[in-house]
Structures are given as C-alpha cells and as structure tokens.
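Undergrad: So I've got this file, entry-v8.txt, and it contains compact mmCIF, N, CA and C atoms:
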```
# COMPACT_ATOMS: atom_id res chain seq x y z
N MET Z 1 52.61 -31.78 -3.76
CA MET Z 1 52.29 -31.40 -5.13
C MET Z 1 51.83 -32.63 -5.91
N VAL Z 2 50.78 -32.48 -6.67
CA VAL Z 2 50.25 -33.57 -7.49
C VAL Z 2 50.72 -33.38 -8.92
N LYS Z 3 51.15 -34.48 -9.54
CA LYS Z 3 51.57 -34.43 -10.93
C LYS Z 3 50.76 -35.46 -11.71
N ARG Z 4 50.06 -35.01 -12.74
CA ARG Z 4 49.29 -35.93 -13.57
C ARG Z 4 50.23 -36.66 -14.52
N ILE Z 5 50.15 -37.98 -14.50
CA ILE Z 5 51.00 -38.83 -15.34
C ILE Z 5 50.26 -39.22 -16.62
N ALA Z 6 48.99 -39.64 -16.47
CA ALA Z 6 48.21 -40.07 -17.63
C ALA Z 6 46.72 -39.92 -17.35
N GLU Z 7 45.96 -39.67 -18.40
CA GLU Z 7 44.50 -39.67 -18.33
C GLU Z 7 44.00 -40.46 -19.52
N ILE Z 8 43.25 -41.51 -19.25
CA ILE Z 8 42.77 -42.40 -20.31
C ILE Z 8 41.24 -42.38 -20.29
N GLU Z 9 40.62 -42.07 -21.43
CA GLU Z 9 39.18 -42.18 -21.59
C GLU Z 9 38.94 -43.28 -22.61
N ALA Z 10 38.17 -44.30 -22.22
CA ALA Z 10 38.00 -45.45 -23.12
C ALA Z 10 36.73 -46.22 -22.78
N GLU Z 11 36.30 -47.05 -23.73
CA GLU Z 11 35.22 -48.01 -23.50
C GLU Z 11 35.82 -49.26 -22.88
N LEU Z 12 35.14 -49.81 -21.89
CA LEU Z 12 35.60 -51.07 -21.33
C LEU Z 12 35.40 -52.17 -22.36
N GLU Z 13 36.42 -52.96 -22.60
CA GLU Z 13 36.29 -54.09 -23.51
C GLU Z 13 35.58 -55.24 -22.82
N PHE Z 14 35.96 -55.50 -21.58
CA PHE Z 14 35.24 -56.48 -20.80
C PHE Z 14 35.50 -56.32 -19.32
N VAL Z 15 34.60 -56.91 -18.53
CA VAL Z 15 34.68 -56.90 -17.08
C VAL Z 15 34.75 -58.36 -16.64
N ALA Z 16 35.82 -58.73 -15.95
CA ALA Z 16 36.03 -60.12 -15.56
C ALA Z 16 35.92 -60.29 -14.04
N ASP Z 17 35.23 -61.33 -13.64
CA ASP Z 17 35.10 -61.67 -12.22
C ASP Z 17 36.44 -62.17 -11.68
N VAL Z 18 36.82 -61.69 -10.50
CA VAL Z 18 38.06 -62.13 -9.85
C VAL Z 18 37.68 -62.78 -8.52
N GLU Z 19 37.60 -64.09 -8.52
CA GLU Z 19 37.33 -64.90 -7.33
C GLU Z 19 36.05 -64.48 -6.60
N GLY Z 20 35.07 -63.94 -7.32
CA GLY Z 20 33.80 -63.57 -6.72
C GLY Z 20 33.85 -62.39 -5.77
N LYS Z 21 35.03 -61.79 -5.59
CA LYS Z 21 35.21 -60.71 -4.62
C LYS Z 21 35.35 -59.33 -5.26
N LYS Z 22 35.84 -59.30 -6.49
CA LYS Z 22 36.06 -58.04 -7.19
C LYS Z 22 35.97 -58.30 -8.68
N ASP Z 23 36.01 -57.23 -9.46
CA ASP Z 23 36.01 -57.34 -10.92
C ASP Z 23 37.24 -56.66 -11.48
N CYS Z 24 37.69 -57.14 -12.61
CA CYS Z 24 38.82 -56.56 -13.32
C CYS Z 24 38.27 -55.83 -14.55
N LEU Z 25 38.49 -54.52 -14.62
CA LEU Z 25 38.07 -53.71 -15.75
C LEU Z 25 39.22 -53.63 -16.75
N MET Z 26 38.93 -53.89 -18.02
CA MET Z 26 40.01 -53.93 -19.01
C MET Z 26 39.65 -53.18 -20.29
N SER Z 27 40.65 -52.46 -20.80
CA SER Z 27 40.52 -51.81 -22.09
C SER Z 27 41.90 -51.74 -22.73
N GLN Z 28 41.99 -52.11 -24.00
CA GLN Z 28 43.26 -52.06 -24.73
C GLN Z 28 43.10 -51.26 -26.01
N GLN Z 29 42.38 -50.16 -25.93
CA GLN Z 29 42.15 -49.33 -27.10
C GLN Z 29 43.17 -48.20 -27.17
N GLY Z 30 43.71 -47.97 -28.32
CA GLY Z 30 44.65 -46.87 -28.48
C GLY Z 30 46.04 -47.19 -27.94
N ASP Z 31 46.82 -46.13 -27.75
CA ASP Z 31 48.20 -46.28 -27.29
C ASP Z 31 48.29 -46.64 -25.81
N LEU Z 32 47.32 -46.16 -25.01
CA LEU Z 32 47.32 -46.44 -23.58
C LEU Z 32 46.23 -47.46 -23.28
N TRP Z 33 46.51 -48.36 -22.36
CA TRP Z 33 45.51 -49.34 -21.97
C TRP Z 33 45.60 -49.57 -20.47
N PHE Z 34 44.57 -50.19 -19.90
CA PHE Z 34 44.56 -50.44 -18.46
C PHE Z 34 43.87 -51.75 -18.13
N ASN Z 35 44.19 -52.23 -16.96
CA ASN Z 35 43.65 -53.45 -16.38
C ASN Z 35 43.64 -53.17 -14.88
N ILE Z 36 42.48 -52.92 -14.30
CA ILE Z 36 42.41 -52.50 -12.91
C ILE Z 36 41.30 -53.27 -12.17
N ASP Z 37 41.59 -53.71 -10.96
CA ASP Z 37 40.60 -54.40 -10.13
C ASP Z 37 39.82 -53.38 -9.31
N VAL Z 38 38.50 -53.59 -9.23
CA VAL Z 38 37.62 -52.72 -8.44
C VAL Z 38 36.66 -53.59 -7.64
N PRO Z 39 36.13 -53.05 -6.54
CA PRO Z 39 35.16 -53.81 -5.75
C PRO Z 39 33.89 -54.10 -6.56
N LYS Z 40 33.21 -55.20 -6.26
CA LYS Z 40 31.93 -55.54 -6.90
C LYS Z 40 30.90 -54.45 -6.61
N GLY Z 41 29.85 -54.39 -7.40
CA GLY Z 41 28.77 -53.46 -7.16
C GLY Z 41 28.92 -52.14 -7.90
N HIS Z 42 29.85 -52.04 -8.82
CA HIS Z 42 30.12 -50.80 -9.55
C HIS Z 42 29.11 -50.51 -10.65
N GLY Z 43 28.45 -51.53 -11.18
CA GLY Z 43 27.45 -51.34 -12.23
C GLY Z 43 28.01 -51.16 -13.63
N LEU Z 44 29.32 -51.32 -13.81
CA LEU Z 44 29.93 -51.18 -15.13
C LEU Z 44 29.82 -52.48 -15.91
N LYS Z 45 29.82 -52.36 -17.24
CA LYS Z 45 29.78 -53.53 -18.11
C LYS Z 45 30.57 -53.22 -19.37
N ALA Z 46 30.83 -54.22 -20.18
CA ALA Z 46 31.53 -54.00 -21.45
C ALA Z 46 30.78 -52.93 -22.23
N GLY Z 47 31.51 -51.96 -22.76
CA GLY Z 47 30.91 -50.87 -23.50
C GLY Z 47 30.74 -49.59 -22.69
N SER Z 48 30.78 -49.70 -21.34
CA SER Z 48 30.70 -48.50 -20.50
C SER Z 48 31.93 -47.64 -20.77
N ARG Z 49 31.72 -46.32 -20.82
CA ARG Z 49 32.85 -45.41 -20.99
C ARG Z 49 33.35 -44.98 -19.62
N VAL Z 50 34.66 -45.00 -19.45
CA VAL Z 50 35.28 -44.64 -18.17
C VAL Z 50 36.48 -43.73 -18.41
N ARG Z 51 36.90 -43.08 -17.35
CA ARG Z 51 38.12 -42.27 -17.37
C ARG Z 51 39.00 -42.77 -16.23
N VAL Z 52 40.25 -43.07 -16.53
CA VAL Z 52 41.23 -43.49 -15.53
C VAL Z 52 42.31 -42.41 -15.48
N ILE Z 53 42.57 -41.89 -14.28
CA ILE Z 53 43.58 -40.84 -14.10
C ILE Z 53 44.66 -41.38 -13.16
N VAL Z 54 45.90 -41.22 -13.57
CA VAL Z 54 47.04 -41.62 -12.74
C VAL Z 54 47.81 -40.36 -12.37
N GLU Z 55 47.95 -40.14 -11.06
CA GLU Z 55 48.66 -38.97 -10.55
C GLU Z 55 49.61 -39.39 -9.44
N THR Z 56 50.67 -38.64 -9.29
CA THR Z 56 51.55 -38.85 -8.13
C THR Z 56 50.90 -38.16 -6.94
N ILE Z 57 51.24 -38.61 -5.75
CA ILE Z 57 50.73 -38.02 -4.52
C ILE Z 57 51.90 -37.62 -3.66
N ASP Z 58 51.93 -36.38 -3.22
CA ASP Z 58 52.98 -35.90 -2.34
C ASP Z 58 52.71 -36.43 -0.94
N THR Z 59 53.58 -37.27 -0.43
CA THR Z 59 53.37 -37.90 0.88
C THR Z 59 54.12 -37.20 1.99
N GLN Z 60 54.71 -36.05 1.72
CA GLN Z 60 55.46 -35.33 2.76
C GLN Z 60 54.64 -34.27 3.42
```
Show the structure stored in the file as structure tokens.
TA:
Amino acid sequence: MVKRIAEIEAELEFVADVEGKKDCLMSQQGDLWFNIDVPKGHGLKAGSRVRVIVETIDTQ
C-alpha cells in the first residue's frame, strides 16, 4: 500500500553543482521546502516549476 506523505509544487530557487556529478535542486518557499540531488542533464534552472511527491512504499 502506498501512502502519500507530502506533495510540494514550487519554483526552484537555485540549482547548485555537486562535485560536477550531480545537481542539488532547492526551494524554500512556503511551509514545505526541499533540497534534493539529481543526476546532471535534467535541464532545470532557477525559476523552473517542479512537483516533489513523497510516498511510502510497501516493501512486503
């Protein structure tokens, strides 16, 4: 069974390079905020709108 914990829709405040291997996407708008690393080549930049969904995963 999947349980949705949070869904955040926001503009990226900035995208930071992490050791040339990945980027860190960050947004601190509103009550919920996120900071997540993603592989390079995503095409996102500051101002891009994104949705981040956090759900539990049933592993049984």
Undergrad: Restricting the calculation to only C-alpha atoms: of Z:Val38, Z:Val18, Z:Met1, Z:Ala10, which residue gets closest to Glu55 of chain Z?
TA: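 Nearest to Glu55 of chain Z: Z:Met1.
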Undergrad: Between Z:Gly47, Z:Glu11, Z:Asp58, Z:Gly41, single out the one closest to Gln29 of chain Z, counting all atoms listed in the file.
TA: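 Among Z:Gly47, Z:Glu11, Z:Asp58, Z:Gly41, it is Z:Glu11 that comes nearest to Gln29 of chain Z.
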Undergrad: Taking (34.3, -49.7, -18.2) in the coordinates of the supplied file, I want to know which residues reach to within 6.5 Å of it, counting only N, CA and C atoms; could you give the answer as a PyMOL selection string?
TA: chain Z and resi 10-13+25-26+44-50
Undergrad: Atom C of Asn35 of chain Z and atom CA of Arg51 of chain Z, how far apart in Å?
TA: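 Here the two named atoms are 12.5 Å from each other.
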Undergrad: Kindly indicate which residue among Z:Leu32, Z:Lys22, Z:Thr56, Z:Lys40 lies nearest to Ile8 of chain Z, using only N, CA and C atoms for the distances.
TA: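 Once distances to Ile8 of chain Z are computed over only N, CA and C atoms, the minimum belongs to Z:Leu32.
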Undergrad: What residues in chain Z get the DSSP label strand (DSSP E or B)? Please answer as a PyMOL selection string.
TA: chain Z and resi 3-11+14-18+22-27+34-39+49-56
Undergrad: What is the distance between atom CA of Arg4 of chain Z and atom N of Ala16 of chain Z, in Å to one decimal?
TA: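 Between atom CA of Arg4 of chain Z and atom N of Ala16 of chain Z the gap works out to 26.6 Å.
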Undergrad: Counting only C-alpha atoms, which of Z:Glu9, Z:Ile53, Z:Gln60, Z:Val2 gets nearest to Gly30 of chain Z?
TA: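 Of Z:Glu9, Z:Ile53, Z:Gln60, Z:Val2, the one nearest Gly30 of chain Z is Z:Glu9, counting only C-alpha atoms.
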Undergrad: What is the atom CA of Val15 of chain Z to atom CA of Lys3 of chain Z distance in Å?
TA: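 Atom CA of Lys3 of chain Z lies at a distance of 28.8 Å from atom CA of Val15 of chain Z.
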Undergrad: Return the single residue from Z:Ile36, Z:Ala6, Z:Asp23, Z:His42 that is closest to Val54 of chain Z, with distances computed using only C-alpha atoms.
TA: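 Using only C-alpha atoms, Val54 of chain Z sits closest to Z:Ala6.
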